[in-house]
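Chemist: Below you'll find the structure I mean.
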Number of protein chains: 2
Amino acid sequence: MSKKLTKRAEDYSKWYNELIIKADLAENSAVRGCMVIKPYGFAIWENMQKELDRMFKETGHVNAYFPLFVPKSLFEAEEKNAEGFAKECAVVTHYRLQNDPDNQGKLRVDPEAKLEEELIVRPTSEAIIWNTYKGWIQSHRDLPLLINQWANVVRWEMRTRLFLRTAEFLWQEGHTAHTTEAEAIEESKQMQEVYAEFAEKFMAMPVIKGAKSESERFAGALETYTIEALMQDGKALQAGTSHFLGQNFAKAFDVKYTSKEGKQEYVWATSWGVSTRLIGGLIMTHSDDFGLVLPPRLAPIQVAIVPIYKGEEQLNMISEKVDVLVKELHAKGVSVKFDHRDTLRPGAKFAEYELKGVPVRVAVGNRDLENNTVEVARRDTLEKQTVSQDGLSDYILELLEEIQTNLFERSVAYRDDHITEVDSFEEFKEVIENKGGFVSAHWDGTIETEDKIKELTKATIRCIPNDAKQEEGKCVLTGSKSGKRVLFAKAY
Amino acid sequence: MSKKLTKRAEDYSKWYNELIIKADLAENSAVRGCMVIKPYGFAIWENMQKELDRMFKETGHVNAYFPLFVPKSLFEAEEKNAEGFAKECAVVTHYRLQNDPDNQGKLRVDPEAKLEEELIVRPTSEAIIWNTYKGWIQSHRDLPLLINQWANVVRWEMRTRLFLRTAEFLWQEGHTAHTTEAEAIEESKQMQEVYAEFAEKFMAMPVIKGAKSESERFAGALETYTIEALMQDGKALQAGTSHFLGQNFAKAFDVKYTSKEGKQEYVWATSWGVSTRLIGGLIMTHSDDFGLVLPPRLAPIQVAIVPIYKGEEQLNMISEKVDVLVKELHAKGVSVKFDHRDTLRPGAKFAEYELKGVPVRVAVGNRDLENNTVEVARRDTLEKQTVSQDGLSDYILELLEEIQTNLFERSVAYRDDHITEVDSFEEFKEVIENKGGFVSAHWDGTIETEDKIKELTKATIRCIPNDAKQEEGKCVLTGSKSGKRVLFAKAY
């Protein structure tokens, strides 16, 4: 494989795939549509998990684990949900292999080991979880039930892309049960806020919070709250969703509680999830033609230190200085790598850290020892500076914060520049086709119009923004009356 | 379900199952042999994961993620491994459901969505991982490769028991590749040490380190190093294994590297794993007729504080004192729960924390306010003491350490008391049948003898201890020559 990365302007999709491979994030596996998440990519996911898990716990949730398999009869209990996922289910039908008498030394599925009932590999866990909740919920005292699960799920997608759409992916799925409709709605909105905060504060990825139109809702939900981000190629990415499920699952699985007044009532439900897809969003928000750009708060290595030396004696003198810096940075919670491999030249190391998006790179050479300096390079702007060794760890700490802020502000500026209000369908098509980004337009509220617009432009309603203001207008396609603008975009 | 727990002496197996249900650790699910790990049980697993993950990283390992599915042709590439797991594989044969025309509203597997090649749900990941490593390893510079994965695996076991043997379970599996045989053996022994340290230091569960006899080895391994613990009913539990795989997988998947001398060589492999089975071991090492007993270092709640009060005014006065204590304990890294629920009486709360194995319970009543005291109860000995509020957080911190130590020492004493040296088969049978525990005996080294002993006594060779000393003797069954004693036991 060539060392050189395709430029984004040339072929964004090719750039994306190459970057993932070259930066050692992930690769396709021998299983159609399933990826291998390599150690460097997985370390980003671990950092995401750590922060999200903390945020879930701070909002009162606990983790649990439910089975990978869902018996078919449970799977189909909530009809809309079953219908929504039926076409992409991996199905286990047998539980044993045997030697194949027609093919020496090979194994085949043992036809006698057929399961009485097929098992679906979970595409999402509402069915198995609500069937379990039935046994856990009797009284209003058992509520709310606020549970999250970190798990793998499988959706047999026909067209897959690393991180964005894979047959198996890693995610978390929250499943909560409440006594009242209002409390369940509040919970689903709260988790939308948690996701938005995570995206902006840690991923430095600005998002728009809104509700999905009916046709884009999660199968079985009454309302889907979403966070929508904008990628560098002008396409939107649904980055996380939180669903108000009403009483659909409670009714399908007969989950009732005894209220304070002694009445039997169905409980109210939510579910919410984000997945390894976020890593795709992270890549397409910040990275450039030189490789990955990682926000410091999620970078597995925040600072890489490269010695520039001739001979062991110089290396020893540099190491002495660097060891002190490494200790100071560690004590401040910074993740540092002192790269003194003797198998690579400094230039090759610089290229590697650039490709891998390490936020800050420090180079220390012989002249630096004389001058009490180091060279500090930041990945976001590619700027280099000569900096004094005095107070260096504090300087780096501040620089990391500055990079985090800069990445966010840069993305906000790009995103804000790519929300275009339009009032005619000509304009709509022109913006979607040439500029990209979100188009803010009036819509008559019908599925027919939404479908027609999608057919004509490939753009879909990404969300009805939470902060959309009341504004009289006319549907951009049909001219019918509309009370607020919604956001359209082409999307991943 | 009755509140009362079956006594261990009455029916150990019933006690175990009831305890798991009553202490809210786990339950059986709607899927045959698969369990639901409830929040309290999962919190123990999270604590285990946290410590193990830290230990793995400190020994140079990184995490990654590989596919859930293994194509059949890859699965069978390493024959011994395939043979070992073939009879317990869940197999995915189809990828879609459709409406069933013969059964309105129901779904059925779409016969047209048959996979060209069946997918095995991983029972262990050597095959898919070594197929991936082929692409990652070219040069000696790519080695060692030290990777761990946290994952779910599926083994279609016919007789299952919560935590100990379930069709799906959670585990970690390390998979490493090395240039030399010696380095791979060293790695597998190192991980045995890591497991032993974790078991003893965190689970307070003493283990014996040893090697498995040939017939008890992992399928495809040249050597299996194990840690073996002893449960309260005298049965052994294999708590973790680390395998030296030789070049079996490298040859099966053609994984070679170019040595420093420019030669093509097959790499050397190890794999190692522990699972949610450890929670079963934890339960059966420490718990008693009153419920779970958790070592402080893994307890989700280390200290529970229960106020004893009449009326809101008293509660407020108690809360004022308790809030200070809670803050101090938090600052010292102690996990505390102040249980001021007004729906339960203090006695019911005491019973709950006893059942759930919370190491320290603090009760604060009106008289304690007057006397500047609290009542402290420790779960391990069930002792209660009146303690001054001055310096209370330090007192509790020390008490937690003391409990951790006491649990370990108690278990060591029990275990040491249950290793019996025998020199005749009569004695062997008598000890296995009546006393239980490990029997240390001479064995002639043959599989035939091992099988015969198992047939006659149900005891198997748990391990050949690492520290077994050379000692001339005669096989307990056949009288043939033997150079050291091995440990037999009935096992889970």
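The chains in the structure tokens are called A, B, ... from first to last as shown; in each chain the residues are counted from 1, and the ligands are counted from 1 in the order shown.
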Within 6 Å of chain B, which residues belong to chain A? Use only C-alpha atoms and report them as an MDAnalysis selection string.
Modeler: chainID A and resid 36:39 42 63:66 86:92 94:97
Chemist: Keeping only N, CA, C and O atoms, take the residues you just selected and write them out as a PDB file, in the first residue's frame.
Modeler:
ATOM      1  N   VAL A  36     -12.521  -5.648  12.029  1.00  0.00           N
ATOM      2  CA  VAL A  36     -11.636  -5.840  13.172  1.00  0.00           C
ATOM      3  C   VAL A  36     -11.275  -4.434  13.646  1.00  0.00           C
ATOM      4  O   VAL A  36     -10.831  -3.607  12.854  1.00  0.00           O
ATOM      5  N   ILE A  37     -11.522  -4.155  14.917  1.00  0.00           N
ATOM      6  CA  ILE A  37     -11.095  -2.867  15.465  1.00  0.00           C
ATOM      7  C   ILE A  37      -9.698  -3.069  16.038  1.00  0.00           C
ATOM      8  O   ILE A  37      -9.510  -3.838  16.981  1.00  0.00           O
ATOM      9  N   LYS A  38      -8.716  -2.406  15.413  1.00  0.00           N
ATOM     10  CA  LYS A  38      -7.323  -2.606  15.817  1.00  0.00           C
ATOM     11  C   LYS A  38      -7.024  -1.859  17.124  1.00  0.00           C
ATOM     12  O   LYS A  38      -7.809  -1.000  17.545  1.00  0.00           O
ATOM     13  N   PRO A  39      -5.917  -2.210  17.777  1.00  0.00           N
ATOM     14  CA  PRO A  39      -5.657  -1.617  19.101  1.00  0.00           C
ATOM     15  C   PRO A  39      -5.751  -0.088  19.149  1.00  0.00           C
ATOM     16  O   PRO A  39      -6.337   0.469  20.078  1.00  0.00           O
ATOM     17  N   PHE A  42      -9.345   0.832  18.885  1.00  0.00           N
ATOM     18  CA  PHE A  42     -10.080   0.391  20.067  1.00  0.00           C
ATOM     19  C   PHE A  42      -9.770   1.278  21.274  1.00  0.00           C
ATOM     20  O   PHE A  42     -10.629   1.504  22.123  1.00  0.00           O
ATOM     21  N   ASN A  63     -25.202  -0.596  34.863  1.00  0.00           N
ATOM     22  CA  ASN A  63     -25.013  -1.525  33.756  1.00  0.00           C
ATOM     23  C   ASN A  63     -25.492  -2.921  34.096  1.00  0.00           C
ATOM     24  O   ASN A  63     -25.488  -3.332  35.267  1.00  0.00           O
ATOM     25  N   ALA A  64     -25.875  -3.658  33.075  1.00  0.00           N
ATOM     26  CA  ALA A  64     -26.264  -5.058  33.227  1.00  0.00           C
ATOM     27  C   ALA A  64     -25.945  -5.748  31.913  1.00  0.00           C
ATOM     28  O   ALA A  64     -25.455  -5.105  30.974  1.00  0.00           O
ATOM     29  N   TYR A  65     -26.186  -7.067  31.867  1.00  0.00           N
ATOM     30  CA  TYR A  65     -25.933  -7.774  30.608  1.00  0.00           C
ATOM     31  C   TYR A  65     -27.044  -8.774  30.309  1.00  0.00           C
ATOM     32  O   TYR A  65     -27.400  -9.598  31.157  1.00  0.00           O
ATOM     33  N   PHE A  66     -27.557  -8.682  29.089  1.00  0.00           N
ATOM     34  CA  PHE A  66     -28.653  -9.537  28.634  1.00  0.00           C
ATOM     35  C   PHE A  66     -28.172 -10.419  27.481  1.00  0.00           C
ATOM     36  O   PHE A  66     -27.199 -10.081  26.803  1.00  0.00           O
ATOM     37  N   ALA A  86     -36.473  -7.225  10.823  1.00  0.00           N
ATOM     38  CA  ALA A  86     -36.554  -8.610  10.322  1.00  0.00           C
ATOM     39  C   ALA A  86     -35.645  -8.881   9.125  1.00  0.00           C
ATOM     40  O   ALA A  86     -35.047  -9.950   9.016  1.00  0.00           O
ATOM     41  N   LYS A  87     -35.512  -7.882   8.259  1.00  0.00           N
ATOM     42  CA  LYS A  87     -34.791  -8.139   7.007  1.00  0.00           C
ATOM     43  C   LYS A  87     -33.278  -8.136   7.178  1.00  0.00           C
ATOM     44  O   LYS A  87     -32.534  -8.310   6.222  1.00  0.00           O
ATOM     45  N   GLU A  88     -32.803  -7.843   8.372  1.00  0.00           N
ATOM     46  CA  GLU A  88     -31.342  -7.802   8.542  1.00  0.00           C
ATOM     47  C   GLU A  88     -30.885  -8.605   9.755  1.00  0.00           C
ATOM     48  O   GLU A  88     -29.965  -8.230  10.455  1.00  0.00           O
ATOM     49  N   CYS A  89     -31.555  -9.737   9.975  1.00  0.00           N
ATOM     50  CA  CYS A  89     -31.256 -10.554  11.160  1.00  0.00           C
ATOM     51  C   CYS A  89     -30.380 -11.751  10.842  1.00  0.00           C
ATOM     52  O   CYS A  89     -30.711 -12.535   9.956  1.00  0.00           O
ATOM     53  N   ALA A  90     -29.313 -11.909  11.615  1.00  0.00           N
ATOM     54  CA  ALA A  90     -28.562 -13.161  11.546  1.00  0.00           C
ATOM     55  C   ALA A  90     -29.301 -14.179  12.416  1.00  0.00           C
ATOM     56  O   ALA A  90     -29.672 -13.872  13.547  1.00  0.00           O
ATOM     57  N   VAL A  91     -29.517 -15.386  11.882  1.00  0.00           N
ATOM     58  CA  VAL A  91     -30.355 -16.377  12.557  1.00  0.00           C
ATOM     59  C   VAL A  91     -29.565 -17.647  12.861  1.00  0.00           C
ATOM     60  O   VAL A  91     -28.954 -18.225  11.954  1.00  0.00           O
ATOM     61  N   VAL A  92     -29.588 -18.030  14.138  1.00  0.00           N
ATOM     62  CA  VAL A  92     -28.954 -19.296  14.534  1.00  0.00           C
ATOM     63  C   VAL A  92     -30.003 -20.385  14.445  1.00  0.00           C
ATOM     64  O   VAL A  92     -31.079 -20.269  15.043  1.00  0.00           O
ATOM     65  N   HIS A  94     -28.860 -23.980  14.259  1.00  0.00           N
ATOM     66  CA  HIS A  94     -28.280 -25.248  14.707  1.00  0.00           C
ATOM     67  C   HIS A  94     -27.258 -25.012  15.810  1.00  0.00           C
ATOM     68  O   HIS A  94     -26.739 -23.908  15.933  1.00  0.00           O
ATOM     69  N   TYR A  95     -26.955 -26.061  16.578  1.00  0.00           N
ATOM     70  CA  TYR A  95     -26.032 -25.865  17.694  1.00  0.00           C
ATOM     71  C   TYR A  95     -24.859 -26.845  17.710  1.00  0.00           C
ATOM     72  O   TYR A  95     -24.206 -27.013  18.726  1.00  0.00           O
ATOM     73  N   ARG A  96     -24.583 -27.472  16.586  1.00  0.00           N
ATOM     74  CA  ARG A  96     -23.487 -28.452  16.604  1.00  0.00           C
ATOM     75  C   ARG A  96     -22.951 -28.677  15.201  1.00  0.00           C
ATOM     76  O   ARG A  96     -23.695 -28.640  14.219  1.00  0.00           O
ATOM     77  N   LEU A  97     -21.633 -28.951  15.124  1.00  0.00           N
ATOM     78  CA  LEU A  97     -21.028 -29.393  13.873  1.00  0.00           C
ATOM     79  C   LEU A  97     -20.653 -30.863  14.046  1.00  0.00           C
ATOM     80  O   LEU A  97     -20.494 -31.358  15.154  1.00  0.00           O
TER      81      LEU A  97
END
Chemist: Show me, as a list of chain:residue names, the residues that have an atom within 7 Å of Leu355 (chain B) when counting only C-alpha atoms, minus same-chain residues fewer than 5 positions from it.
Modeler: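 Final neighbour list, sorted by chain and number: B:Ala23, B:Phe290, B:Gly291, B:Leu292.
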Chemist: Write a file of the just-selected residues containing all heavy atoms, as a PDB file, in the first residue's frame.
Modeler:
ATOM      1  N   ALA B  23     -29.690 -12.512  46.003  1.00  0.00           N
ATOM      2  CA  ALA B  23     -28.755 -11.380  46.115  1.00  0.00           C
ATOM      3  C   ALA B  23     -28.757 -10.528  44.847  1.00  0.00           C
ATOM      4  O   ALA B  23     -27.952  -9.616  44.712  1.00  0.00           O
ATOM      5  CB  ALA B  23     -27.348 -11.893  46.419  1.00  0.00           C
ATOM      6  N   PHE B 290     -26.067 -16.991  55.473  1.00  0.00           N
ATOM      7  CA  PHE B 290     -26.852 -15.752  55.529  1.00  0.00           C
ATOM      8  C   PHE B 290     -26.825 -15.001  54.200  1.00  0.00           C
ATOM      9  O   PHE B 290     -27.523 -14.011  54.024  1.00  0.00           O
ATOM     10  CB  PHE B 290     -26.334 -14.847  56.649  1.00  0.00           C
ATOM     11  CG  PHE B 290     -26.333 -15.539  57.972  1.00  0.00           C
ATOM     12  CD1 PHE B 290     -25.178 -16.095  58.484  1.00  0.00           C
ATOM     13  CD2 PHE B 290     -27.523 -15.667  58.693  1.00  0.00           C
ATOM     14  CE1 PHE B 290     -25.179 -16.763  59.708  1.00  0.00           C
ATOM     15  CE2 PHE B 290     -27.534 -16.339  59.907  1.00  0.00           C
ATOM     16  CZ  PHE B 290     -26.363 -16.887  60.417  1.00  0.00           C
ATOM     17  N   GLY B 291     -25.977 -15.450  53.294  1.00  0.00           N
ATOM     18  CA  GLY B 291     -25.935 -14.814  51.984  1.00  0.00           C
ATOM     19  C   GLY B 291     -24.531 -14.633  51.469  1.00  0.00           C
ATOM     20  O   GLY B 291     -23.589 -15.306  51.907  1.00  0.00           O
ATOM     21  N   LEU B 292     -24.421 -13.675  50.553  1.00  0.00           N
ATOM     22  CA  LEU B 292     -23.166 -13.379  49.892  1.00  0.00           C
ATOM     23  C   LEU B 292     -22.184 -12.739  50.890  1.00  0.00           C
ATOM     24  O   LEU B 292     -22.601 -11.994  51.782  1.00  0.00           O
ATOM     25  CB  LEU B 292     -23.486 -12.383  48.774  1.00  0.00           C
ATOM     26  CG  LEU B 292     -22.498 -12.146  47.658  1.00  0.00           C
ATOM     27  CD1 LEU B 292     -22.234 -13.427  46.877  1.00  0.00           C
ATOM     28  CD2 LEU B 292     -23.051 -11.084  46.703  1.00  0.00           C
TER      29      LEU B 292
END
Chemist: Considering only C-alpha atoms, state which residue in the set B:Lys80, B:Arg159, B:Lys490, B:Arg462 is at the smallest distance from Ser213 (chain B).
Modeler: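 Smallest distance to Ser213 (chain B) is found for B:Arg462.
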Chemist: Contacts of Glu421 (chain A) at 10 Å or less, counting only C-alpha atoms, minus same-chain residues fewer than 6 places along, as a PyMOL selection string?
Modeler: chain A and resi 427-428+431+438-442+485-487
Chemist: Rounded to one decimal place, report the CA of Lys484 (chain A)-CA of Pro465 (chain A) distance in Å.
Modeler: 9.5 Å
Chemist: For Ile396 (chain A), find every residue with an atom within 12 Å (counting only C-alpha atoms), except residues of its own chain fewer than 4 positions away, and show them as an mmCIF file with C-alpha atoms, in the first residue's frame.
Modeler:
data_model
loop_
_atom_site.group_PDB
_atom_site.id
_atom_site.type_symbol
_atom_site.label_atom_id
_atom_site.label_comp_id
_atom_site.auth_asym_id
_atom_site.auth_seq_id
_atom_site.Cartn_x
_atom_site.Cartn_y
_atom_site.Cartn_z
ATOM 1 C CA PRO A 296 -6.951 15.636 23.042
ATOM 2 C CA GLN A 302 -1.891 12.932 23.753
ATOM 3 C CA VAL A 303 1.786 13.755 23.516
ATOM 4 C CA ALA A 304 4.508 11.954 21.556
ATOM 5 C CA ILE A 305 8.120 12.793 22.343
ATOM 6 C CA LEU A 325 8.899 15.682 31.606
ATOM 7 C CA VAL A 326 7.137 12.334 31.177
ATOM 8 C CA GLU A 328 5.353 15.486 35.271
ATOM 9 C CA LEU A 329 2.879 14.911 32.453
ATOM 10 C CA HIS A 330 1.779 11.563 33.855
ATOM 11 C CA LYS A 332 -1.081 15.681 35.437
ATOM 12 C CA GLY A 333 -3.044 12.867 33.838
ATOM 13 C CA VAL A 334 -1.562 13.302 30.361
ATOM 14 C CA SER A 335 -0.974 10.232 28.205
ATOM 15 C CA VAL A 336 2.587 10.432 26.827
ATOM 16 C CA PRO A 359 -2.396 16.183 19.262
ATOM 17 C CA VAL A 360 1.056 17.331 20.411
ATOM 18 C CA ARG A 361 4.469 16.210 19.254
ATOM 19 C CA VAL A 362 7.618 17.216 21.085
ATOM 20 C CA VAL A 374 12.221 21.739 22.814
ATOM 21 C CA GLU A 375 10.282 21.892 19.573
ATOM 22 C CA VAL A 376 6.527 21.581 20.024
ATOM 23 C CA ALA A 377 4.294 20.776 17.040
ATOM 24 C CA ARG A 378 0.498 20.827 17.245
ATOM 25 C CA GLN A 385 7.283 26.374 17.953
ATOM 26 C CA VAL A 387 9.540 26.420 23.638
ATOM 27 C CA SER A 388 11.525 26.699 26.850
ATOM 28 C CA GLN A 389 11.914 23.584 28.972
ATOM 29 C CA ASP A 390 10.960 25.601 32.027
ATOM 30 C CA GLY A 391 7.302 25.078 32.869
ATOM 31 C CA LEU A 392 6.979 22.813 29.840
ATOM 32 C CA LEU A 400 -3.949 20.426 24.823
ATOM 33 C CA GLU A 401 -6.892 22.458 26.091
ATOM 34 C CA GLU A 402 -6.332 25.016 23.354
ATOM 35 C CA ILE A 403 -6.304 22.316 20.688
#
Chemist: Using DSSP assignments from the backbone, pull out every residue in region 20-146 of chain B that falls under alpha helix (DSSP H) and give it to me as a ChimeraX atom specification.
Modeler: /B:20-22,39-58,72-75,79-85,126-136
Chemist: Could you pull out the strand (DSSP E) residues of region 318-389 of chain B from DSSP and send them as a PyMOL selection string?
Modeler: chain B and resi 336-338+360-364+373-378+384-388
Chemist: From the set B:Glu409, B:Glu383, B:Glu187, B:Glu173, which residue has the shortest atom-to-atom contact distance to His286 (chain B), counting only C-alpha atoms?
Modeler: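 Smallest separation from His286 (chain B) among the options: B:Glu409.
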Chemist: From the options B:Ala127, B:Leu237, B:Ala351, B:Ile279, which residue's atoms come nearest to Ala489 (chain B), counting only C-alpha atoms?
Modeler: B:Leu237
Chemist: Would you list the contacts of Phe249 (chain A) as a list of chain:residue names, taking every protein, DNA or RNA residue within 10 Å and counting only C-alpha atoms, but skipping same-chain residues closer than 4 positions in sequence?
Modeler: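 What passes the distance filter is A:Ala77, A:Glu78, A:Glu79, A:Asn81, A:Glu126, A:Ala127, A:Ile129, A:Trp130, A:Asn131, A:Gly220, A:Ala221, A:Leu245, A:Phe253, A:Asp254, A:Val255, A:Tyr266, A:Val267, A:Trp268, A:Ala269, A:Thr270.
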Chemist: Using all heavy atoms, can you write the selected residues to a file as a short mmCIF file (atom, residue, chain, number, x, y, z; two decimals), in the first residue's frame?
Modeler:
data_model
loop_
_atom_site.label_atom_id
_atom_site.label_comp_id
_atom_site.auth_asym_id
_atom_site.auth_seq_id
_atom_site.Cartn_x
_atom_site.Cartn_y
_atom_site.Cartn_z
N ALA A 77 -42.66 -10.21 19.14
CA ALA A 77 -43.78 -9.80 20.02
C ALA A 77 -44.18 -8.34 19.81
O ALA A 77 -45.37 -8.01 19.83
CB ALA A 77 -43.41 -10.05 21.48
N GLU A 78 -43.21 -7.44 19.63
CA GLU A 78 -43.57 -6.05 19.34
C GLU A 78 -43.46 -5.91 17.83
O GLU A 78 -42.37 -5.85 17.27
CB GLU A 78 -42.64 -5.08 20.09
CG GLU A 78 -43.25 -3.72 20.39
CD GLU A 78 -43.55 -2.88 19.15
OE1 GLU A 78 -42.68 -2.81 18.26
OE2 GLU A 78 -44.64 -2.29 19.05
N GLU A 79 -44.62 -5.83 17.17
CA GLU A 79 -44.66 -6.02 15.72
C GLU A 79 -43.87 -4.99 14.92
O GLU A 79 -43.18 -5.32 13.98
CB GLU A 79 -46.11 -6.04 15.23
CG GLU A 79 -46.79 -7.36 15.54
CD GLU A 79 -48.20 -7.42 14.97
OE1 GLU A 79 -48.46 -6.73 13.96
OE2 GLU A 79 -49.03 -8.13 15.55
N ASN A 81 -41.33 -3.13 15.79
CA ASN A 81 -39.90 -3.31 15.99
C ASN A 81 -39.42 -4.53 15.19
O ASN A 81 -38.40 -4.47 14.50
CB ASN A 81 -39.62 -3.50 17.50
CG ASN A 81 -38.15 -3.40 17.84
OD1 ASN A 81 -37.51 -4.38 18.16
ND2 ASN A 81 -37.60 -2.20 17.73
N GLU A 126 -34.44 -4.57 22.82
CA GLU A 126 -35.72 -4.28 23.47
C GLU A 126 -36.49 -5.56 23.82
O GLU A 126 -37.00 -5.71 24.94
CB GLU A 126 -36.61 -3.40 22.58
CG GLU A 126 -36.34 -1.92 22.64
CD GLU A 126 -35.11 -1.51 21.86
OE1 GLU A 126 -34.52 -2.38 21.18
OE2 GLU A 126 -34.70 -0.34 21.93
N ALA A 127 -36.58 -6.49 22.87
CA ALA A 127 -37.44 -7.66 23.07
C ALA A 127 -36.95 -8.51 24.26
O ALA A 127 -37.72 -8.80 25.18
CB ALA A 127 -37.50 -8.50 21.81
N ILE A 129 -34.95 -7.70 26.62
CA ILE A 129 -34.91 -6.94 27.87
C ILE A 129 -36.31 -6.73 28.43
O ILE A 129 -36.54 -6.91 29.63
CB ILE A 129 -34.16 -5.60 27.65
CG1 ILE A 129 -32.66 -5.89 27.51
CG2 ILE A 129 -34.44 -4.62 28.79
CD1 ILE A 129 -31.79 -4.67 27.31
N TRP A 130 -37.26 -6.40 27.60
CA TRP A 130 -38.62 -6.19 28.13
C TRP A 130 -39.24 -7.48 28.60
O TRP A 130 -40.01 -7.51 29.56
CB TRP A 130 -39.49 -5.42 27.12
CG TRP A 130 -39.17 -3.97 27.30
CD1 TRP A 130 -38.19 -3.26 26.68
CD2 TRP A 130 -39.76 -3.10 28.27
NE1 TRP A 130 -38.13 -2.00 27.19
CE2 TRP A 130 -39.07 -1.87 28.16
CE3 TRP A 130 -40.77 -3.23 29.21
CZ2 TRP A 130 -39.39 -0.78 28.97
CZ3 TRP A 130 -41.10 -2.15 30.01
CH2 TRP A 130 -40.41 -0.94 29.87
N ASN A 131 -38.88 -8.58 27.97
CA ASN A 131 -39.34 -9.88 28.47
C ASN A 131 -38.76 -10.14 29.86
O ASN A 131 -39.41 -10.76 30.71
CB ASN A 131 -38.93 -10.97 27.49
CG ASN A 131 -39.44 -12.33 27.90
OD1 ASN A 131 -40.64 -12.54 28.01
ND2 ASN A 131 -38.53 -13.24 28.19
N GLY A 220 -40.86 1.12 16.34
CA GLY A 220 -41.50 0.86 17.62
C GLY A 220 -41.51 2.07 18.54
O GLY A 220 -42.06 2.01 19.64
N ALA A 221 -40.87 3.17 18.13
CA ALA A 221 -40.82 4.38 18.98
C ALA A 221 -41.95 5.34 18.63
O ALA A 221 -42.43 5.38 17.49
CB ALA A 221 -39.48 5.09 18.79
N LEU A 245 -40.53 5.31 23.84
CA LEU A 245 -41.19 4.13 23.27
C LEU A 245 -42.65 4.00 23.70
O LEU A 245 -43.31 3.02 23.34
CB LEU A 245 -40.44 2.86 23.69
CG LEU A 245 -38.96 2.78 23.28
CD1 LEU A 245 -38.28 1.58 23.92
CD2 LEU A 245 -38.81 2.73 21.76
N PHE A 253 -45.12 -7.06 26.03
CA PHE A 253 -44.58 -8.04 26.98
C PHE A 253 -45.33 -8.05 28.31
O PHE A 253 -44.88 -8.65 29.28
CB PHE A 253 -43.07 -7.80 27.18
CG PHE A 253 -42.28 -8.12 25.95
CD1 PHE A 253 -41.98 -7.13 25.02
CD2 PHE A 253 -41.90 -9.42 25.69
CE1 PHE A 253 -41.28 -7.43 23.87
CE2 PHE A 253 -41.20 -9.74 24.54
CZ PHE A 253 -40.89 -8.75 23.61
N ASP A 254 -46.44 -7.34 28.34
CA ASP A 254 -47.32 -7.31 29.51
C ASP A 254 -46.57 -6.91 30.78
O ASP A 254 -46.58 -7.63 31.79
CB ASP A 254 -47.98 -8.70 29.68
CG ASP A 254 -49.15 -8.62 30.65
OD1 ASP A 254 -49.81 -7.57 30.70
OD2 ASP A 254 -49.37 -9.61 31.38
N VAL A 255 -45.92 -5.77 30.73
CA VAL A 255 -45.18 -5.28 31.89
C VAL A 255 -46.00 -4.19 32.60
O VAL A 255 -46.11 -3.07 32.10
CB VAL A 255 -43.79 -4.72 31.50
CG1 VAL A 255 -43.01 -4.34 32.76
CG2 VAL A 255 -43.02 -5.75 30.68
N TYR A 266 -49.65 -0.06 32.83
CA TYR A 266 -48.50 -0.37 31.99
C TYR A 266 -47.40 0.66 32.24
O TYR A 266 -47.69 1.83 32.47
CB TYR A 266 -48.88 -0.32 30.50
CG TYR A 266 -49.68 -1.52 30.05
CD1 TYR A 266 -51.01 -1.39 29.69
CD2 TYR A 266 -49.10 -2.78 30.00
CE1 TYR A 266 -51.76 -2.49 29.28
CE2 TYR A 266 -49.82 -3.89 29.60
CZ TYR A 266 -51.16 -3.74 29.25
OH TYR A 266 -51.88 -4.84 28.86
N VAL A 267 -46.14 0.22 32.18
CA VAL A 267 -45.05 1.17 32.38
C VAL A 267 -44.74 1.88 31.06
O VAL A 267 -45.18 1.49 29.99
CB VAL A 267 -43.78 0.50 32.94
CG1 VAL A 267 -44.08 -0.27 34.20
CG2 VAL A 267 -43.14 -0.40 31.91
N TRP A 268 -43.98 2.95 31.17
CA TRP A 268 -43.55 3.76 30.02
C TRP A 268 -42.06 3.53 29.79
O TRP A 268 -41.31 3.39 30.75
CB TRP A 268 -43.82 5.24 30.30
CG TRP A 268 -45.29 5.53 30.46
CD1 TRP A 268 -46.02 5.42 31.61
CD2 TRP A 268 -46.20 5.94 29.44
NE1 TRP A 268 -47.33 5.74 31.37
CE2 TRP A 268 -47.47 6.08 30.04
CE3 TRP A 268 -46.07 6.22 28.07
CZ2 TRP A 268 -48.60 6.47 29.32
CZ3 TRP A 268 -47.20 6.62 27.36
CH2 TRP A 268 -48.44 6.73 27.98
N ALA A 269 -41.64 3.54 28.53
CA ALA A 269 -40.29 3.09 28.22
C ALA A 269 -39.48 4.08 27.37
O ALA A 269 -40.04 4.89 26.63
CB ALA A 269 -40.37 1.77 27.46
N THR A 270 -38.17 3.97 27.53
CA THR A 270 -37.25 4.65 26.61
C THR A 270 -36.14 3.68 26.23
O THR A 270 -35.90 2.69 26.94
CB THR A 270 -36.55 5.88 27.23
OG1 THR A 270 -35.38 5.45 27.97
CG2 THR A 270 -37.46 6.67 28.15
#
